[in-house]
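Pasted below: my_file27.csv, CSV, C-alpha atoms.
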```csv
chain,number,residue,atom,x,y,z
A,215,MET,CA,0.0,0.0,0.0
A,216,GLU,CA,1.8,3.2,-1.2
A,217,ILE,CA,0.4,5.9,1.0
A,218,PHE,CA,3.2,8.2,-0.1
A,219,ASP,CA,2.0,8.1,-3.7
A,220,TYR,CA,-1.5,9.0,-2.6
A,221,LEU,CA,-0.3,12.0,-0.5
A,222,PHE,CA,2.2,13.3,-3.0
A,223,ASP,CA,1.0,13.6,-6.6
A,224,THR,CA,3.4,13.1,-9.6
A,225,ARG,CA,4.3,16.8,-9.7
A,226,LYS,CA,5.3,16.9,-6.0
A,227,SER,CA,7.2,13.6,-6.4
A,228,ASN,CA,9.2,14.9,-9.3
A,229,ILE,CA,10.1,18.0,-7.3
A,230,LEU,CA,11.3,15.8,-4.4
A,231,GLU,CA,13.2,13.6,-6.8
A,232,GLY,CA,15.0,16.6,-8.3
A,233,VAL,CA,16.1,17.7,-4.8
A,234,LEU,CA,16.9,14.3,-3.3
A,235,GLY,CA,17.6,12.0,-6.2
A,236,ARG,CA,15.8,8.8,-7.1
A,237,THR,CA,17.5,6.5,-4.6
A,238,HIS,CA,16.9,8.8,-1.6
A,239,LEU,CA,13.3,9.4,-2.7
A,240,ASP,CA,12.6,5.7,-2.8
A,241,ASN,CA,14.2,5.3,0.6
A,242,LEU,CA,12.0,8.2,1.9
A,243,LYS,CA,8.9,6.5,0.5
A,244,SER,CA,9.7,3.3,2.2
A,245,VAL,CA,10.3,4.9,5.6
A,246,LEU,CA,7.2,7.1,5.4
A,247,ASN,CA,5.0,4.2,4.3
A,248,VAL,CA,6.1,2.1,7.2
A,249,HIS,CA,5.7,4.8,9.9
A,250,ILE,CA,2.3,5.9,8.5
A,251,LEU,CA,1.0,2.3,8.5
A,252,GLU,CA,2.3,1.7,12.0
A,253,TYR,CA,0.6,4.9,13.3
A,254,ILE,CA,-2.8,3.9,11.7
A,255,GLN,CA,-2.5,0.4,13.0
A,256,SER,CA,-1.9,1.6,16.5
A,257,ASN,CA,-4.4,4.4,16.6
A,258,LYS,CA,-7.1,3.8,14.0
A,259,PRO,CA,-6.9,0.2,12.9
A,260,GLU,CA,-10.5,0.1,11.7
A,261,SER,CA,-9.6,2.7,9.1
A,262,LEU,CA,-6.8,0.6,7.6
A,263,LYS,CA,-8.9,-1.3,5.1
A,264,TYR,CA,-10.5,1.9,3.8
A,265,ILE,CA,-7.2,3.7,3.4
A,266,LYS,CA,-5.8,0.8,1.5
A,267,LEU,CA,-8.7,0.9,-0.9
A,268,ILE,CA,-8.2,4.7,-1.4
A,269,CYS,CA,-4.5,4.1,-2.1
A,270,ASP,CA,-5.2,1.3,-4.5
A,271,LEU,CA,-7.7,3.4,-6.5
A,272,ASN,CA,-5.1,6.1,-6.9
A,273,ASN,CA,-2.2,3.9,-7.9
A,274,GLN,CA,-2.2,3.1,-11.6
A,275,VAL,CA,-1.2,-0.4,-12.7
A,276,TYR,CA,1.2,-0.2,-15.6
A,277,ASP,CA,1.6,-2.8,-18.4
A,278,GLU,CA,4.6,-4.6,-16.9
A,279,GLU,CA,2.8,-5.1,-13.6
A,280,PHE,CA,-0.5,-5.8,-15.3
A,281,THR,CA,0.9,-8.8,-17.2
A,282,LYS,CA,2.0,-10.4,-13.9
A,283,LEU,CA,-1.5,-10.3,-12.4
A,284,PRO,CA,-3.6,-13.5,-12.2
A,285,LYS,CA,-6.4,-13.7,-14.6
A,286,TYR,CA,-9.9,-12.5,-13.5
A,287,ASP,CA,-12.0,-15.7,-14.0
A,288,THR,CA,-15.5,-15.2,-15.4
A,289,SER,CA,-16.1,-18.9,-16.3
A,290,ASN,CA,-18.4,-19.3,-13.3
A,291,LYS,CA,-20.7,-16.4,-14.5
A,292,GLU,CA,-23.7,-17.5,-16.6
A,293,VAL,CA,-24.5,-15.4,-19.6
A,294,VAL,CA,-28.2,-15.3,-20.5
A,295,ILE,CA,-29.5,-14.0,-23.8
A,296,VAL,CA,-33.0,-12.6,-23.1
A,297,ARG,CA,-35.7,-13.5,-25.6
A,298,ASP,CA,-39.3,-12.3,-25.8
A,299,ASN,CA,-40.5,-15.4,-24.0
A,300,SER,CA,-38.0,-14.9,-21.1
A,301,LEU,CA,-38.0,-11.1,-20.8
A,302,VAL,CA,-40.6,-10.8,-18.1
A,303,ASN,CA,-39.1,-13.5,-15.9
A,304,ALA,CA,-35.6,-12.0,-16.4
A,305,CYS,CA,-36.8,-8.6,-15.3
A,306,LYS,CA,-38.6,-10.1,-12.3
A,307,LEU,CA,-35.4,-11.8,-11.2
A,308,LEU,CA,-33.4,-8.6,-11.6
A,309,LYS,CA,-36.0,-6.6,-9.6
A,310,ARG,CA,-35.3,-8.7,-6.6
A,311,GLN,CA,-31.7,-7.5,-6.5
A,312,ARG,CA,-30.5,-4.6,-4.4
A,313,PHE,CA,-27.9,-3.6,-6.9
A,314,VAL,CA,-26.8,-4.6,-10.4
A,315,GLY,CA,-24.1,-3.7,-12.9
A,316,TYR,CA,-25.1,-2.3,-16.2
A,317,ASP,CA,-23.7,-1.2,-19.6
A,318,THR,CA,-24.8,-0.5,-23.1
A,319,GLU,CA,-23.4,-1.2,-26.6
A,320,SER,CA,-24.2,0.6,-29.9
A,321,LYS,CA,-23.0,0.2,-33.4
A,322,PRO,CA,-19.8,2.2,-33.9
A,323,VAL,CA,-19.8,5.6,-35.7
A,324,PHE,CA,-17.1,5.9,-38.3
A,325,LYS,CA,-17.9,9.2,-39.9
A,326,LYS,CA,-16.9,12.5,-38.2
A,327,GLY,CA,-20.0,14.5,-37.2
A,328,GLN,CA,-22.4,11.5,-37.6
A,329,PRO,CA,-24.8,11.2,-34.7
A,330,PRO,CA,-24.5,8.2,-32.4
A,331,ASN,CA,-26.4,5.0,-33.4
A,332,ARG,CA,-29.2,3.8,-31.3
A,333,ILE,CA,-28.5,1.4,-28.4
A,334,ALA,CA,-28.3,-2.1,-29.7
A,335,LEU,CA,-27.5,-4.0,-26.5
A,336,ILE,CA,-28.2,-3.5,-22.8
A,337,GLN,CA,-26.3,-5.6,-20.3
A,338,ILE,CA,-27.4,-6.0,-16.7
A,339,ALA,CA,-25.5,-8.2,-14.3
A,340,THR,CA,-25.9,-9.7,-10.9
A,341,CYS,CA,-23.1,-11.5,-9.0
A,342,GLU,CA,-24.0,-14.8,-10.7
A,343,LYS,CA,-25.5,-13.9,-14.1
A,344,CYS,CA,-25.2,-11.4,-16.9
A,345,PHE,CA,-28.4,-10.7,-18.9
A,346,LEU,CA,-28.0,-9.5,-22.5
A,347,PHE,CA,-31.0,-7.6,-23.9
A,348,GLN,CA,-30.6,-7.3,-27.7
A,349,ILE,CA,-33.0,-4.4,-28.3
A,350,GLY,CA,-33.5,-5.1,-32.0
A,351,GLN,CA,-34.6,-8.7,-31.3
A,352,LEU,CA,-37.2,-7.8,-28.6
A,353,ASN,CA,-40.8,-6.7,-29.5
A,354,ASN,CA,-41.6,-5.0,-26.2
A,355,ILE,CA,-38.9,-3.7,-23.9
A,356,SER,CA,-41.3,-2.0,-21.5
A,357,PRO,CA,-40.5,-4.4,-18.6
A,358,LEU,CA,-36.8,-3.6,-19.1
A,359,LEU,CA,-37.4,0.2,-19.1
A,360,GLN,CA,-39.5,-0.2,-15.9
A,361,LEU,CA,-36.5,-2.1,-14.4
A,362,LEU,CA,-34.1,0.7,-15.3
A,363,LYS,CA,-36.5,3.3,-13.8
A,364,CYS,CA,-37.0,1.4,-10.6
A,365,ASP,CA,-35.6,3.4,-7.7
A,366,ASP,CA,-35.2,0.4,-5.4
A,367,ILE,CA,-32.4,-1.1,-7.5
A,368,ARG,CA,-29.0,0.6,-7.6
A,369,LYS,CA,-27.4,0.5,-11.1
A,370,ILE,CA,-23.6,0.5,-11.0
A,371,GLY,CA,-21.2,1.1,-13.9
A,372,VAL,CA,-18.0,2.6,-15.2
A,373,GLY,CA,-18.3,5.5,-17.7
A,374,ILE,CA,-22.1,5.2,-17.9
A,375,LYS,CA,-23.1,8.9,-18.0
A,376,HIS,CA,-23.2,8.7,-21.8
A,377,ASP,CA,-25.2,5.4,-21.5
A,378,ASN,CA,-27.8,7.2,-19.4
A,379,THR,CA,-28.1,10.1,-21.8
A,380,GLN,CA,-28.5,7.7,-24.8
A,381,ILE,CA,-31.1,5.6,-23.1
A,382,PHE,CA,-33.1,8.7,-22.4
A,383,GLN,CA,-32.7,9.9,-26.0
A,384,ASN,CA,-33.6,6.5,-27.5
A,385,PHE,CA,-36.4,5.4,-25.2
A,386,GLY,CA,-37.4,8.4,-23.1
A,387,CYS,CA,-36.4,6.5,-20.0
A,388,LYS,CA,-34.7,8.3,-17.2
A,389,ILE,CA,-32.6,5.8,-15.2
A,390,SER,CA,-32.8,6.3,-11.4
A,391,ASN,CA,-30.5,5.3,-8.5
A,392,VAL,CA,-27.3,5.2,-10.6
A,393,VAL,CA,-23.8,5.0,-9.3
A,394,GLU,CA,-21.0,6.1,-11.6
A,395,LEU,CA,-17.9,4.6,-10.1
A,396,ASN,CA,-15.6,7.2,-11.6
A,397,GLU,CA,-17.4,9.9,-9.6
A,398,ILE,CA,-16.5,7.9,-6.4
A,399,PHE,CA,-12.9,7.6,-7.5
A,400,GLN,CA,-12.7,11.4,-8.0
A,401,GLU,CA,-14.1,11.9,-4.4
A,402,VAL,CA,-11.0,10.0,-3.1
A,403,GLY,CA,-8.5,11.9,-5.1
A,404,ASN,CA,-8.3,10.1,-8.5
A,405,LYS,CA,-8.4,13.0,-11.1
A,406,ASN,CA,-8.6,10.9,-14.2
A,407,THR,CA,-11.4,8.6,-15.3
A,408,ILE,CA,-10.5,4.9,-15.4
A,409,GLY,CA,-12.0,1.9,-17.2
A,410,SER,CA,-13.0,-1.5,-16.1
A,411,LYS,CA,-9.5,-3.0,-16.9
A,412,GLN,CA,-7.7,-0.6,-14.5
A,413,LEU,CA,-10.5,-0.9,-11.9
A,414,VAL,CA,-10.2,-4.7,-11.7
A,415,ALA,CA,-6.4,-4.4,-11.6
A,416,ARG,CA,-6.3,-1.8,-8.8
A,417,VAL,CA,-9.0,-3.1,-6.5
A,418,LEU,CA,-9.1,-6.9,-7.1
A,419,LYS,CA,-5.5,-7.3,-8.2
A,420,LYS,CA,-6.6,-9.3,-11.2
A,421,LYS,CA,-6.1,-9.1,-15.0
A,422,LEU,CA,-9.3,-8.4,-17.0
A,423,ARG,CA,-9.0,-9.2,-20.7
A,424,GLU,CA,-11.7,-7.7,-22.8
A,425,LYS,CA,-12.3,-10.0,-25.7
A,426,THR,CA,-12.9,-8.7,-29.1
A,427,GLN,CA,-16.2,-10.0,-30.5
A,428,ASN,CA,-18.2,-9.5,-33.7
A,429,LEU,CA,-21.5,-8.1,-32.6
A,430,HIS,CA,-24.3,-8.4,-35.2
A,431,PHE,CA,-26.2,-5.1,-34.7
```
Here is the file; what I need is its structure written in the form of structure tokens.
Amino acid sequence: MEIFDYLFDTRKSNILEGVLGRTHLDNLKSVLNVHILEYIQSNKPESLKYIKLICDLNNQVYDEEFTKLPKYDTSNKEVVIVRDNSLVNACKLLKRQRFVGYDTESKPVFKKGQPPNRIALIQIATCEKCFLFQIGQLNNISPLLQLLKCDDIRKIGVGIKHDNTQIFQNFGCKISNVVELNEIFQEVGNKNTIGSKQLVARVLKKKLREKTQNLHF
């Protein structure tokens, strides 16, 4: 847990490196990290886990370190393609959840100035299953829109502000009770937005490989 890197941003670290040199700066980091952790452990041990999470969120995982991480295993997660005859039951199951993850996919835009294409796929996930709603293949998505508007279910995602706007523009549906994880990261000092790959690496210490797939929109 590099508390030093959380307390001193890159600009401040570069200034200290210019004054002390790299070797002395590394030694200073080690000493400060040890003493800060010892102080917290002795005086506020219940805060240690939270402080560790904050530090992890603010420490970028670079390519060399990323390749050494164990793979994030998704083989035990069931993927369910929702059809017309299973739509209602899928939404009923999801409505029993306190929180879900969600994301959308659209056909890419290749011409500059061209408006975004309509949403083609909405993904909603629980801890055990990921439900894929292929919008063009469903005759009536009203149960899905009701689910998205339900205030009792927290919808969590990374970089989903654009998704929320597009869902409103496409379907007139205003999603409620949404948690944008990047906004939480910014509250604890992370200035830049991060994607799912970095999030999994920083928090879970796992390597998430996003597979390239041919989606038929």
Legend entry - For Thr318 of chain A: contacts at 7 Å, all atoms listed in the file, fewer than 3 positions along chain excluded, given as a list in words: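 Residues meeting the cut-off are Ile333, Leu335, Ile336, Gln337 and Asp377 of chain A.
For the pair atom CA of Thr237 of chain A and atom CA of Arg225 of chain A, the separation is 17.5 Å.
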Legend entry - Given only C-alpha atoms as the counted atoms, nearest of A:Asn272, A:Ser256, A:Gln380, A:Thr224 to Gly403 of chain A: A:Asn272
Legend entry - Separation of atom CA of Phe385 of chain A from atom CA of Asn353 of chain A in Å: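 Straight-line distance from atom CA of Asn353 of chain A to atom CA of Phe385 of chain A works out to 13.6 Å.
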Inset, instruction - Within 10 Å of Leu251 of chain A, counting only C-alpha atoms, which residues show up once you throw out same-chain ones fewer than 2 positions away? Write them as a list in words, please. - result: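 Listed by chain and then number, they are Met215, Glu216, Ile217, Leu246, Asn247, Val248, His249, Tyr253, Ile254, Gln255, Ser256, Asn257, Lys258, Pro259, Leu262, Ile265 and Lys266 of chain A.
Among the candidate residues A:Val417, A:Val372, A:Ile389, A:Ile338, the one lying nearest to Gln360 of chain A is A:Ile389, with distances computed using all atoms listed in the file.
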Inset, instruction - For atom CA of Lys306 of chain A and atom CA of Val294 of chain A, determine how far apart the two atoms are, in Å to one decimal place. - result: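 Interatomic distance here is 14.2 Å.
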Inset, instruction - Mind checking which residues fall within 6 Å of segment 390-400 of chain A, counting only C-alpha atoms, ignoring those fewer than 6 positions away in the same chain, and posting them as a list of chain:residue names? - result: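 Final neighbour list, sorted by chain and number: A:Lys363, A:Asp365, A:Arg368, A:Lys369, A:Ile370, A:Gly371, A:Val372, A:Thr407.
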Inset, instruction - Around the point (-12.7, -6.1, -10.5) in the file's coordinates, collect all residues with an atom within 12 Å, using all atoms listed in the file, and return them as a list of chain:residue names. - result: A:Leu271, A:Pro284, A:Lys285, A:Tyr286, A:Asp287, A:Thr288, A:Gly315, A:Cys341, A:Gly371, A:Val372, A:Leu395, A:Gly409, A:Ser410, A:Lys411, A:Gln412, A:Leu413, A:Val414, A:Ala415, A:Arg416, A:Val417, A:Leu418, A:Lys419, A:Lys420, A:Lys421, A:Leu422, A:Arg423
Inset, instruction - Rank A:Gly386, A:Pro322, A:Pro330, A:Gly235 by their smallest atom-to-atom distance to Leu362 of chain A, using all atoms listed in the file, and report the top residue only. - result: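 Going through A:Gly386, A:Pro322, A:Pro330, A:Gly235 one by one, the smallest distance to Leu362 of chain A is for A:Gly386.
Around Ser289 of chain A, within 12 Å and counting all atoms listed in the file, the residues found are Lys285, Val293, Glu342, Lys343 and Cys344 of chain A, once anything fewer than 4 positions away on its own chain is removed.
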Reconstruct segment 395-422 of chain A at the level of N, CA and C atoms, and format the result as a PDB file, in the frame of the given file.
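Saved result, part-v3.pdb, follows:
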```
ATOM      1  N   LEU A 395     -19.024   4.863 -10.979  1.00  0.00           N
ATOM      2  CA  LEU A 395     -17.900   4.600 -10.100  1.00  0.00           C
ATOM      3  C   LEU A 395     -16.764   5.618 -10.269  1.00  0.00           C
ATOM      4  N   ASN A 396     -16.610   6.212 -11.454  1.00  0.00           N
ATOM      5  CA  ASN A 396     -15.600   7.200 -11.600  1.00  0.00           C
ATOM      6  C   ASN A 396     -15.816   8.444 -10.732  1.00  0.00           C
ATOM      7  N   GLU A 397     -17.079   8.757 -10.447  1.00  0.00           N
ATOM      8  CA  GLU A 397     -17.400   9.900  -9.600  1.00  0.00           C
ATOM      9  C   GLU A 397     -16.906   9.563  -8.129  1.00  0.00           C
ATOM     10  N   ILE A 398     -17.029   8.296  -7.734  1.00  0.00           N
ATOM     11  CA  ILE A 398     -16.500   7.900  -6.400  1.00  0.00           C
ATOM     12  C   ILE A 398     -15.017   7.968  -6.382  1.00  0.00           C
ATOM     13  N   PHE A 399     -14.373   7.537  -7.471  1.00  0.00           N
ATOM     14  CA  PHE A 399     -12.900   7.600  -7.500  1.00  0.00           C
ATOM     15  C   PHE A 399     -12.428   9.039  -7.374  1.00  0.00           C
ATOM     16  N   GLN A 400     -13.141   9.972  -8.028  1.00  0.00           N
ATOM     17  CA  GLN A 400     -12.700  11.400  -8.000  1.00  0.00           C
ATOM     18  C   GLN A 400     -12.885  11.934  -6.549  1.00  0.00           C
ATOM     19  N   GLU A 401     -13.855  11.431  -5.809  1.00  0.00           N
ATOM     20  CA  GLU A 401     -14.100  11.900  -4.400  1.00  0.00           C
ATOM     21  C   GLU A 401     -12.891  11.507  -3.526  1.00  0.00           C
ATOM     22  N   VAL A 402     -12.178  10.441  -3.884  1.00  0.00           N
ATOM     23  CA  VAL A 402     -11.000  10.000  -3.100  1.00  0.00           C
ATOM     24  C   VAL A 402      -9.710  10.397  -3.694  1.00  0.00           C
ATOM     25  N   GLY A 403      -9.768  11.350  -4.650  1.00  0.00           N
ATOM     26  CA  GLY A 403      -8.500  11.900  -5.100  1.00  0.00           C
ATOM     27  C   GLY A 403      -8.077  11.519  -6.525  1.00  0.00           C
ATOM     28  N   ASN A 404      -8.761  10.570  -7.174  1.00  0.00           N
ATOM     29  CA  ASN A 404      -8.300  10.100  -8.500  1.00  0.00           C
ATOM     30  C   ASN A 404      -8.873  11.146  -9.537  1.00  0.00           C
ATOM     31  N   LYS A 405      -7.983  11.888 -10.186  1.00  0.00           N
ATOM     32  CA  LYS A 405      -8.400  13.000 -11.100  1.00  0.00           C
ATOM     33  C   LYS A 405      -8.867  12.479 -12.429  1.00  0.00           C
ATOM     34  N   ASN A 406      -8.329  11.375 -12.889  1.00  0.00           N
ATOM     35  CA  ASN A 406      -8.600  10.900 -14.200  1.00  0.00           C
ATOM     36  C   ASN A 406      -9.683   9.765 -14.172  1.00  0.00           C
ATOM     37  N   THR A 407     -10.481   9.674 -15.235  1.00  0.00           N
ATOM     38  CA  THR A 407     -11.400   8.600 -15.300  1.00  0.00           C
ATOM     39  C   THR A 407     -10.650   7.287 -15.655  1.00  0.00           C
ATOM     40  N   ILE A 408     -11.134   6.162 -15.155  1.00  0.00           N
ATOM     41  CA  ILE A 408     -10.500   4.900 -15.400  1.00  0.00           C
ATOM     42  C   ILE A 408     -11.528   3.893 -15.933  1.00  0.00           C
ATOM     43  N   GLY A 409     -11.070   2.919 -16.698  1.00  0.00           N
ATOM     44  CA  GLY A 409     -12.000   1.900 -17.200  1.00  0.00           C
ATOM     45  C   GLY A 409     -12.003   0.661 -16.395  1.00  0.00           C
ATOM     46  N   SER A 410     -12.782  -0.301 -16.865  1.00  0.00           N
ATOM     47  CA  SER A 410     -13.000  -1.500 -16.100  1.00  0.00           C
ATOM     48  C   SER A 410     -11.660  -2.301 -15.914  1.00  0.00           C
ATOM     49  N   LYS A 411     -10.808  -2.283 -16.932  1.00  0.00           N
ATOM     50  CA  LYS A 411      -9.500  -3.000 -16.900  1.00  0.00           C
ATOM     51  C   LYS A 411      -8.673  -2.521 -15.713  1.00  0.00           C
ATOM     52  N   GLN A 412      -8.534  -1.187 -15.597  1.00  0.00           N
ATOM     53  CA  GLN A 412      -7.700  -0.600 -14.500  1.00  0.00           C
ATOM     54  C   GLN A 412      -8.416  -0.819 -13.157  1.00  0.00           C
ATOM     55  N   LEU A 413      -9.738  -0.716 -13.155  1.00  0.00           N
ATOM     56  CA  LEU A 413     -10.500  -0.900 -11.900  1.00  0.00           C
ATOM     57  C   LEU A 413     -10.254  -2.270 -11.305  1.00  0.00           C
ATOM     58  N   VAL A 414     -10.370  -3.297 -12.134  1.00  0.00           N
ATOM     59  CA  VAL A 414     -10.200  -4.700 -11.700  1.00  0.00           C
ATOM     60  C   VAL A 414      -8.738  -4.876 -11.203  1.00  0.00           C
ATOM     61  N   ALA A 415      -7.796  -4.291 -11.936  1.00  0.00           N
ATOM     62  CA  ALA A 415      -6.400  -4.400 -11.600  1.00  0.00           C
ATOM     63  C   ALA A 415      -6.082  -3.747 -10.238  1.00  0.00           C
ATOM     64  N   ARG A 416      -6.634  -2.567 -10.033  1.00  0.00           N
ATOM     65  CA  ARG A 416      -6.300  -1.800  -8.800  1.00  0.00           C
ATOM     66  C   ARG A 416      -7.000  -2.361  -7.578  1.00  0.00           C
ATOM     67  N   VAL A 417      -8.251  -2.734  -7.697  1.00  0.00           N
ATOM     68  CA  VAL A 417      -9.000  -3.100  -6.500  1.00  0.00           C
ATOM     69  C   VAL A 417      -8.909  -4.645  -6.254  1.00  0.00           C
ATOM     70  N   LEU A 418      -9.085  -5.448  -7.304  1.00  0.00           N
ATOM     71  CA  LEU A 418      -9.100  -6.900  -7.100  1.00  0.00           C
ATOM     72  C   LEU A 418      -7.745  -7.554  -7.364  1.00  0.00           C
ATOM     73  N   LYS A 419      -6.793  -6.767  -7.888  1.00  0.00           N
ATOM     74  CA  LYS A 419      -5.500  -7.300  -8.200  1.00  0.00           C
ATOM     75  C   LYS A 419      -5.563  -8.461  -9.193  1.00  0.00           C
ATOM     76  N   LYS A 420      -6.440  -8.299 -10.175  1.00  0.00           N
ATOM     77  CA  LYS A 420      -6.600  -9.300 -11.200  1.00  0.00           C
ATOM     78  C   LYS A 420      -6.518  -8.681 -12.590  1.00  0.00           C
ATOM     79  N   LYS A 421      -6.296  -9.538 -13.579  1.00  0.00           N
ATOM     80  CA  LYS A 421      -6.100  -9.100 -15.000  1.00  0.00           C
ATOM     81  C   LYS A 421      -7.381  -9.360 -15.758  1.00  0.00           C
ATOM     82  N   LEU A 422      -8.049  -8.299 -16.181  1.00  0.00           N
ATOM     83  CA  LEU A 422      -9.300  -8.400 -17.000  1.00  0.00           C
ATOM     84  C   LEU A 422      -8.929  -8.249 -18.432  1.00  0.00           C
TER      85      LEU A 422
END
```
